[in-house]
Amino acid sequence: MDEYRIIVRDAQLAPIGMVDDHLSLEMVLKFNDVGQWTLKINAGRPHARLFQPGCGIAVYREGVALPIMSGPIQGIHTSFHLVMRR
(Lines give C-alpha, C1' and ligand atoms only; values in the text may rest on other atoms or scores of the structure.)
Protein backbone atom coordinates (compact mmCIF):
# COMPACT_ATOMS: atom_id res chain seq x y z
CA MET A 1 0.00 0.00 0.00
CA ASP A 2 1.27 3.50 -0.81
CA GLU A 3 2.22 5.88 1.96
CA TYR A 4 0.12 8.73 0.50
CA ARG A 5 -3.31 8.94 -1.15
CA ILE A 6 -3.88 11.84 -3.55
CA ILE A 7 -7.53 12.78 -3.98
CA VAL A 8 -8.50 15.26 -6.70
CA ARG A 9 -11.36 17.57 -5.74
CA ASP A 10 -13.51 19.97 -7.70
CA ALA A 11 -13.99 23.68 -6.97
CA GLN A 12 -16.71 22.84 -4.40
CA LEU A 13 -14.22 20.54 -2.56
CA ALA A 14 -16.08 17.36 -3.59
CA PRO A 15 -13.79 14.40 -4.41
CA ILE A 16 -13.78 13.52 -8.13
CA GLY A 17 -11.03 10.92 -8.30
CA MET A 18 -7.83 9.47 -6.92
CA VAL A 19 -4.38 9.58 -8.54
CA ASP A 20 -2.53 6.35 -7.85
CA ASP A 21 0.03 6.41 -10.65
CA HIS A 22 1.86 9.72 -10.13
CA LEU A 23 5.48 10.10 -11.14
CA SER A 24 6.40 12.28 -8.16
CA LEU A 25 4.88 14.35 -5.38
CA GLU A 26 6.81 17.14 -3.67
CA MET A 27 5.29 18.90 -0.68
CA VAL A 28 6.53 21.75 1.48
CA LEU A 29 4.50 21.80 4.67
CA LYS A 30 4.61 24.94 6.81
CA PHE A 31 3.17 25.32 10.29
CA ASN A 32 0.42 27.98 10.26
CA ASP A 33 1.44 29.19 6.81
CA VAL A 34 0.81 28.42 3.15
CA GLY A 35 2.75 25.43 1.87
CA GLN A 36 3.52 24.31 -1.64
CA TRP A 37 3.03 21.15 -3.66
CA THR A 38 4.09 19.86 -7.05
CA LEU A 39 2.56 16.74 -8.54
CA LYS A 40 3.90 15.15 -11.71
CA ILE A 41 1.78 12.68 -13.65
CA ASN A 42 1.90 11.28 -17.15
CA ALA A 43 -0.29 13.51 -19.34
CA GLY A 44 -1.42 10.50 -21.37
CA ARG A 45 -3.04 8.75 -18.40
CA PRO A 46 -6.78 9.01 -17.63
CA HIS A 47 -6.04 10.73 -14.30
CA ALA A 48 -4.59 13.73 -16.13
CA ARG A 49 -8.11 14.68 -17.29
CA LEU A 50 -9.19 15.17 -13.66
CA PHE A 51 -7.04 18.29 -13.36
CA GLN A 52 -8.93 21.35 -14.53
CA PRO A 53 -8.82 25.02 -13.47
CA GLY A 54 -10.56 25.39 -10.12
CA CYS A 55 -9.72 21.87 -8.99
CA GLY A 56 -7.33 20.95 -6.21
CA ILE A 57 -5.95 18.02 -4.28
CA ALA A 58 -6.07 16.61 -0.77
CA VAL A 59 -3.15 14.45 0.33
CA TYR A 60 -3.70 11.80 2.99
CA ARG A 61 -0.95 9.87 4.73
CA GLU A 62 -1.58 6.22 5.51
CA GLY A 63 -3.02 5.87 9.00
CA VAL A 64 -4.01 9.57 9.32
CA ALA A 65 -7.72 10.40 9.05
CA LEU A 66 -7.46 14.06 8.02
CA PRO A 67 -5.53 15.38 5.00
CA ILE A 68 -1.96 16.44 5.75
CA MET A 69 -2.11 18.95 2.88
CA SER A 70 -4.72 20.28 0.50
CA GLY A 71 -4.90 23.15 -1.90
CA PRO A 72 -6.03 24.46 -5.26
CA ILE A 73 -4.21 24.13 -8.55
CA GLN A 74 -2.43 27.37 -9.37
CA GLY A 75 -1.11 26.31 -12.76
CA ILE A 76 -0.95 23.36 -15.12
CA HIS A 77 2.09 22.80 -17.29
CA THR A 78 1.96 20.06 -19.91
CA SER A 79 4.77 18.42 -21.74
CA PHE A 80 5.39 14.80 -20.97
CA HIS A 81 3.63 15.22 -17.62
CA LEU A 82 1.55 17.71 -15.65
CA VAL A 83 3.02 19.91 -12.95
CA MET A 84 0.70 21.53 -10.44
CA ARG A 85 1.94 24.21 -8.05
CA ARG A 86 0.27 25.90 -5.17
# chains A, B, ... in the order shown; residues from 1 in each chain; ligands from 1

call {"tool": "select_by_dssp", "arguments": {"residues": "chain A", "states": "helix (DSSP H, G or I)", "output": "list of chain:residue names"}}
result
A:Pro46, A:His47, A:Ala48, A:Arg49, A:Leu50

call {"tool": "select_by_dssp", "arguments": {"residues": "chain A", "states": "strand (DSSP E)", "output": "PyMOL selection string"}}
result
chain A and resi 4-9+15-19+24-28+36-42+56-61+69-72+76-78+81-85

call {"tool": "residues_around", "arguments": {"residues": "Ser24 of chain A", "least_positions_apart": "5", "cutoff": "10 Å", "atoms": "only C-alpha atoms", "output": "VMD selection string"}}
result
chain A and resid 38 to 41 83

call {"tool": "atom_distance", "arguments": {"atom1": "atom CA of Gly17 of chain A", "atom2": "atom CA of Ala43 of chain A"}}
result
15.6 Å

call {"tool": "atom_distance", "arguments": {"atom1": "atom CA of Ile6 of chain A", "atom2": "atom CA of Val19 of chain A"}}
result
5.5 Å

call {"tool": "residues_around", "arguments": {"residues": "Phe31 of chain A", "least_positions_apart": "4", "cutoff": "12 Å", "atoms": "only C-alpha atoms", "output": "PyMOL selection string"}}
result
chain A and resi 35-36+68-69

call {"tool": "atom_distance", "arguments": {"atom1": "atom CA of Ile76 of chain A", "atom2": "atom CA of Cys55 of chain A"}}
result
10.8 Å

call {"tool": "residues_around", "arguments": {"residues": "Met18 of chain A", "least_positions_apart": "6", "cutoff": "9 Å", "atoms": "only C-alpha atoms", "output": "PyMOL selection string"}}
result
chain A and resi 5-9+47+50
